[in-house]
Amino acid sequence: MGWFTRSTAKKQQTEIPEGLFAVCPRCKAHIYKDEYENAFKVCSKCNYHERITAAERIRLIVDKGTFREFNAGIKPNDPLGFKDAKGTYQEKAESAIAKTGLHEAVVTGSGDIHGLRTTIAIMDFRFLGGSLASATGEKILLAAEHALRMKRALLIFSASGGARMHEGIVSLMQMAKTCAGIAKLDRAGLPYISIMTDPTYGGVSASYATVGDINIAEPGALIGFAGRRVIEQTIKEKLPDDFQTAEYLLDHGFLDAIVNRAELKEYLHSMLLYGLGKKV
Ligand SMILES: [Zn+2]
């Protein structure tokens with residue numbers, strides 16, 4: 001029987017084995033999962049930078065085996081006894097803790113970047129949208145004070161929807177508190193580098209994320225205070241398509257650089273050397 005009439009001919013195998021590929025959320029390209037993970041979730045086709053966790057960020061930036069977390073036990077406070085139709089703040093915080101294995105939306109600690117000992121704070125958007133509240137602010141302030149005490153540079157990676165509404169004014173107060181800590185570093189001549197990742201909004205963009213000696217962002221990160229929809233409704237005008245992207249902000253002088261994740265560690269290392277007055 002001829003090949004083309006054979007009724008039992010095996011259909012060409014087109015199914016993709018499950019788990020072998022990651023799909024880029026933006027361009028939908030299929031990329032080998034290993035390749036995607038090794039690139040720290042950056043699409044090799046369109047350079048989309050997917051959000052990563054604090055633990056992944058530590059693996060990306062910090063020399064292996066040098067990260068020492070501190071103040072890991074600081075947990076959310078509930079000064080207002082807040083609850084809404086969906087439940088209490090305490091329940092939400094407990095479920096965020098169970099989901100992420102973190103106690104707050106920021107991880108702080110000490111770690112080396114190519115041998116340079118640095119104090120680092122890394123926000124994790126999975127924890128209540130990376131919101132800034134009293135415990136988050138406290139950890140960031142303690143990190144700034146740690147850098148000051150140890151005479152080191154401070155790095156903060158922001159990823160946040162803004163202040164945590166469940167703590168009301170106490171959350172907003174963290175904006176001044178964290179900036180006061182960073183101002184002390186400035187007076188001591190110690191560098192602070194702010195790295196804005198997707199997304200950086202609200203009370204975080206209006207405080208410590210944008211007061212770095214160097215303010216940088218990852219490609220495509222959305223950065224702003226109020227969101228696009230709120231602004232459009234207020235000013236009754238259509239905003240440019242690239243409004244609030246890192247690229248738009250760089251063009252308008254709000255950022256010093258946009259750095260690809262693959263080059264981020266090298267970039268930070270040279271900026272740290274420069275900031276600490278060492279030879280690059
Ligand atoms: Zn892509």
# chains A, B, ... in the order shown; residues from 1 in each chain; ligands from 1
>>> residues_around(residues="A:Leu142", least_positions_apart="3", cutoff="9 Å", atoms="only C-alpha atoms", output="number ranges by chain")
A: 71, 108, 137-139, 145-147, 178, 181
>>> residues_near_ligand(ligand="ligand 1", cutoff="7 Å", atoms="only C-alpha atoms and all ligand atoms", output="list in words")
Cys24, Pro25, Arg26, Cys27, Lys28, Ala29, Cys43, Ser44, Lys45, Cys46, Asn47 and Tyr48 of chain A
>>> write_last_selection(atoms="C-alpha atoms", output="short mmCIF file (atom, residue, chain, number, x, y, z; two decimals), in the first residue's frame")
data_model
loop_
_atom_site.label_atom_id
_atom_site.label_comp_id
_atom_site.auth_asym_id
_atom_site.auth_seq_id
_atom_site.Cartn_x
_atom_site.Cartn_y
_atom_site.Cartn_z
CA CYS A 24 6.55 34.33 27.05
CA PRO A 25 3.65 36.32 28.55
CA ARG A 26 4.16 39.09 25.98
CA CYS A 27 5.13 37.60 22.59
CA LYS A 28 3.87 34.06 23.36
CA ALA A 29 7.10 32.52 22.06
CA CYS A 43 12.38 36.27 26.90
CA SER A 44 15.16 35.66 24.36
CA LYS A 45 12.81 36.70 21.53
CA CYS A 46 11.34 40.02 22.72
CA ASN A 47 13.40 40.86 25.86
CA TYR A 48 10.30 40.82 28.08
#
>>> select_by_dssp(residues="stretch 33-249 of chain A", states="helix (DSSP H, G or I)", output="MDAnalysis selection string")
chainID A and resid 33:38 54:61 89:100 128:130 134:150 165:187 202:205 208:210 228:235 246:249
>>> residues_around(residues="stretch 150-157 of chain A", least_positions_apart="3", cutoff="10 Å", atoms="only C-alpha atoms", output="number ranges by chain")
A: 54, 57, 106-108, 110, 116-124, 140, 143-147, 160, 182, 185, 188-197, 200, 208-209, 212, 214, 216-217, 268, 272-273, 275-276
>>> residues_around(residues="stretch 247-253 of chain A", least_positions_apart="4", cutoff="8 Å", atoms="only C-alpha atoms", output="MDAnalysis selection string")
chainID A and resid 219:220 242:243 257:258
>>> atom_distance(atom1="atom CA of A:Pro199", atom2="atom CA of A:Ala159")
5.3 Å
>>> residues_around(residues="stretch 166-174 of chain A", least_positions_apart="6", cutoff="12 Å", atoms="only C-alpha atoms", output="JSON, numbers by chain")
{"A": [76, 77, 78, 79, 80, 81, 82, 83, 84, 87, 88, 89, 90, 91, 92, 93, 128, 131, 132, 133, 134, 135, 136, 137, 138, 139, 140, 141, 180, 181, 202, 203, 204, 206, 207, 208]}
>>> select_by_dssp(residues="stretch 21-231 of chain A", states="strand (DSSP E or B)", output="PyMOL selection string")
chain A and resi 21-23+30-32+42+49+68-69+83-84+87-88+106-113+116-123+132+154-160+163+192-200+214-217+222-223
>>> decode(residues="stretch 151-187 of chain A", atoms="N, CA and C atoms", output="mmCIF file, in the first residue's frame")
data_model
loop_
_atom_site.group_PDB
_atom_site.id
_atom_site.type_symbol
_atom_site.label_atom_id
_atom_site.label_comp_id
_atom_site.auth_asym_id
_atom_site.auth_seq_id
_atom_site.Cartn_x
_atom_site.Cartn_y
_atom_site.Cartn_z
ATOM 1 N N LYS A 151 29.195 51.181 57.068
ATOM 2 C CA LYS A 151 29.843 52.039 56.048
ATOM 3 C C LYS A 151 29.855 51.364 54.681
ATOM 4 N N ARG A 152 28.666 50.974 54.259
ATOM 5 C CA ARG A 152 28.531 50.284 52.977
ATOM 6 C C ARG A 152 27.507 50.994 52.103
ATOM 7 N N ALA A 153 27.433 50.515 50.875
ATOM 8 C CA ALA A 153 26.386 51.001 49.968
ATOM 9 C C ALA A 153 25.077 50.259 50.254
ATOM 10 N N LEU A 154 23.977 50.910 49.910
ATOM 11 C CA LEU A 154 22.646 50.295 50.028
ATOM 12 C C LEU A 154 22.044 50.137 48.637
ATOM 13 N N LEU A 155 21.457 48.969 48.398
ATOM 14 C CA LEU A 155 20.716 48.740 47.155
ATOM 15 C C LEU A 155 19.280 48.421 47.527
ATOM 16 N N ILE A 156 18.320 49.055 46.872
ATOM 17 C CA ILE A 156 16.919 48.657 47.079
ATOM 18 C C ILE A 156 16.292 48.340 45.727
ATOM 19 N N PHE A 157 15.734 47.143 45.623
ATOM 20 C CA PHE A 157 14.985 46.723 44.433
ATOM 21 C C PHE A 157 13.503 46.903 44.755
ATOM 22 N N SER A 158 12.858 47.817 44.049
ATOM 23 C CA SER A 158 11.447 48.072 44.336
ATOM 24 C C SER A 158 10.552 47.287 43.393
ATOM 25 N N ALA A 159 9.409 46.851 43.934
ATOM 26 C CA ALA A 159 8.333 46.212 43.150
ATOM 27 C C ALA A 159 7.101 46.384 44.010
ATOM 28 N N SER A 160 6.250 47.343 43.638
ATOM 29 C CA SER A 160 5.179 47.689 44.569
ATOM 30 C C SER A 160 4.011 48.375 43.886
ATOM 31 N N GLY A 161 2.824 48.072 44.380
ATOM 32 C CA GLY A 161 1.634 48.781 43.916
ATOM 33 C C GLY A 161 1.417 50.068 44.690
ATOM 34 N N GLY A 162 2.158 50.267 45.788
ATOM 35 C CA GLY A 162 2.011 51.494 46.575
ATOM 36 C C GLY A 162 1.857 51.215 48.052
ATOM 37 N N ALA A 163 1.375 52.203 48.777
ATOM 38 C CA ALA A 163 1.213 52.058 50.228
ATOM 39 C C ALA A 163 0.090 51.048 50.523
ATOM 40 N N ARG A 164 0.210 50.338 51.655
ATOM 41 C CA ARG A 164 -0.804 49.318 52.007
ATOM 42 C C ARG A 164 -1.970 50.005 52.711
ATOM 43 N N MET A 165 -3.124 50.003 52.057
ATOM 44 C CA MET A 165 -4.264 50.775 52.578
ATOM 45 C C MET A 165 -4.775 50.233 53.913
ATOM 46 N N HIS A 166 -4.494 48.965 54.199
ATOM 47 C CA HIS A 166 -4.998 48.372 55.451
ATOM 48 C C HIS A 166 -4.404 49.016 56.700
ATOM 49 N N GLU A 167 -3.289 49.738 56.531
ATOM 50 C CA GLU A 167 -2.681 50.406 57.691
ATOM 51 C C GLU A 167 -2.807 51.923 57.597
ATOM 52 N N GLY A 168 -3.599 52.391 56.628
ATOM 53 C CA GLY A 168 -3.931 53.807 56.503
ATOM 54 C C GLY A 168 -2.727 54.730 56.607
ATOM 55 N N ILE A 169 -2.865 55.721 57.456
ATOM 56 C CA ILE A 169 -1.847 56.769 57.600
ATOM 57 C C ILE A 169 -0.506 56.203 58.090
ATOM 58 N N VAL A 170 -0.571 55.081 58.814
ATOM 59 C CA VAL A 170 0.680 54.478 59.317
ATOM 60 C C VAL A 170 1.533 54.026 58.130
ATOM 61 N N SER A 171 0.884 53.537 57.069
ATOM 62 C CA SER A 171 1.620 53.157 55.854
ATOM 63 C C SER A 171 2.231 54.386 55.193
ATOM 64 N N LEU A 172 1.456 55.453 55.105
ATOM 65 C CA LEU A 172 1.957 56.667 54.441
ATOM 66 C C LEU A 172 3.161 57.253 55.179
ATOM 67 N N MET A 173 3.143 57.098 56.512
ATOM 68 C CA MET A 173 4.253 57.615 57.310
ATOM 69 C C MET A 173 5.583 56.949 56.956
ATOM 70 N N GLN A 174 5.512 55.745 56.414
ATOM 71 C CA GLN A 174 6.738 55.011 56.066
ATOM 72 C C GLN A 174 7.519 55.703 54.954
ATOM 73 N N MET A 175 6.808 56.505 54.162
ATOM 74 C CA MET A 175 7.489 57.222 53.078
ATOM 75 C C MET A 175 8.538 58.164 53.667
ATOM 76 N N ALA A 176 8.133 58.918 54.697
ATOM 77 C CA ALA A 176 9.071 59.858 55.337
ATOM 78 C C ALA A 176 10.127 59.099 56.129
ATOM 79 N N LYS A 177 9.680 58.019 56.790
ATOM 80 C CA LYS A 177 10.607 57.269 57.655
ATOM 81 C C LYS A 177 11.764 56.655 56.843
ATOM 82 N N THR A 178 11.423 56.019 55.727
ATOM 83 C CA THR A 178 12.467 55.369 54.917
ATOM 84 C C THR A 178 13.404 56.421 54.304
ATOM 85 N N CYS A 179 12.815 57.525 53.842
ATOM 86 C CA CYS A 179 13.649 58.573 53.219
ATOM 87 C C CYS A 179 14.570 59.227 54.247
ATOM 88 N N ALA A 180 14.109 59.325 55.506
ATOM 89 C CA ALA A 180 14.959 59.890 56.556
ATOM 90 C C ALA A 180 16.179 58.994 56.762
ATOM 91 N N GLY A 181 15.978 57.685 56.722
ATOM 92 C CA GLY A 181 17.086 56.726 56.864
ATOM 93 C C GLY A 181 18.067 56.863 55.718
ATOM 94 N N ILE A 182 17.537 57.028 54.516
ATOM 95 C CA ILE A 182 18.391 57.139 53.328
ATOM 96 C C ILE A 182 19.155 58.465 53.338
ATOM 97 N N ALA A 183 18.503 59.525 53.869
ATOM 98 C CA ALA A 183 19.177 60.834 53.944
ATOM 99 C C ALA A 183 20.426 60.747 54.822
ATOM 100 N N LYS A 184 20.360 59.891 55.858
ATOM 101 C CA LYS A 184 21.538 59.734 56.730
ATOM 102 C C LYS A 184 22.701 59.139 55.940
ATOM 103 N N LEU A 185 22.411 58.215 55.039
ATOM 104 C CA LEU A 185 23.455 57.629 54.184
ATOM 105 C C LEU A 185 24.073 58.716 53.311
ATOM 106 N N ASP A 186 23.202 59.545 52.782
ATOM 107 C CA ASP A 186 23.651 60.629 51.910
ATOM 108 C C ASP A 186 24.625 61.532 52.661
ATOM 109 N N ARG A 187 24.246 61.889 53.906
ATOM 110 C CA ARG A 187 25.100 62.780 54.703
ATOM 111 C C ARG A 187 26.443 62.123 55.020
#
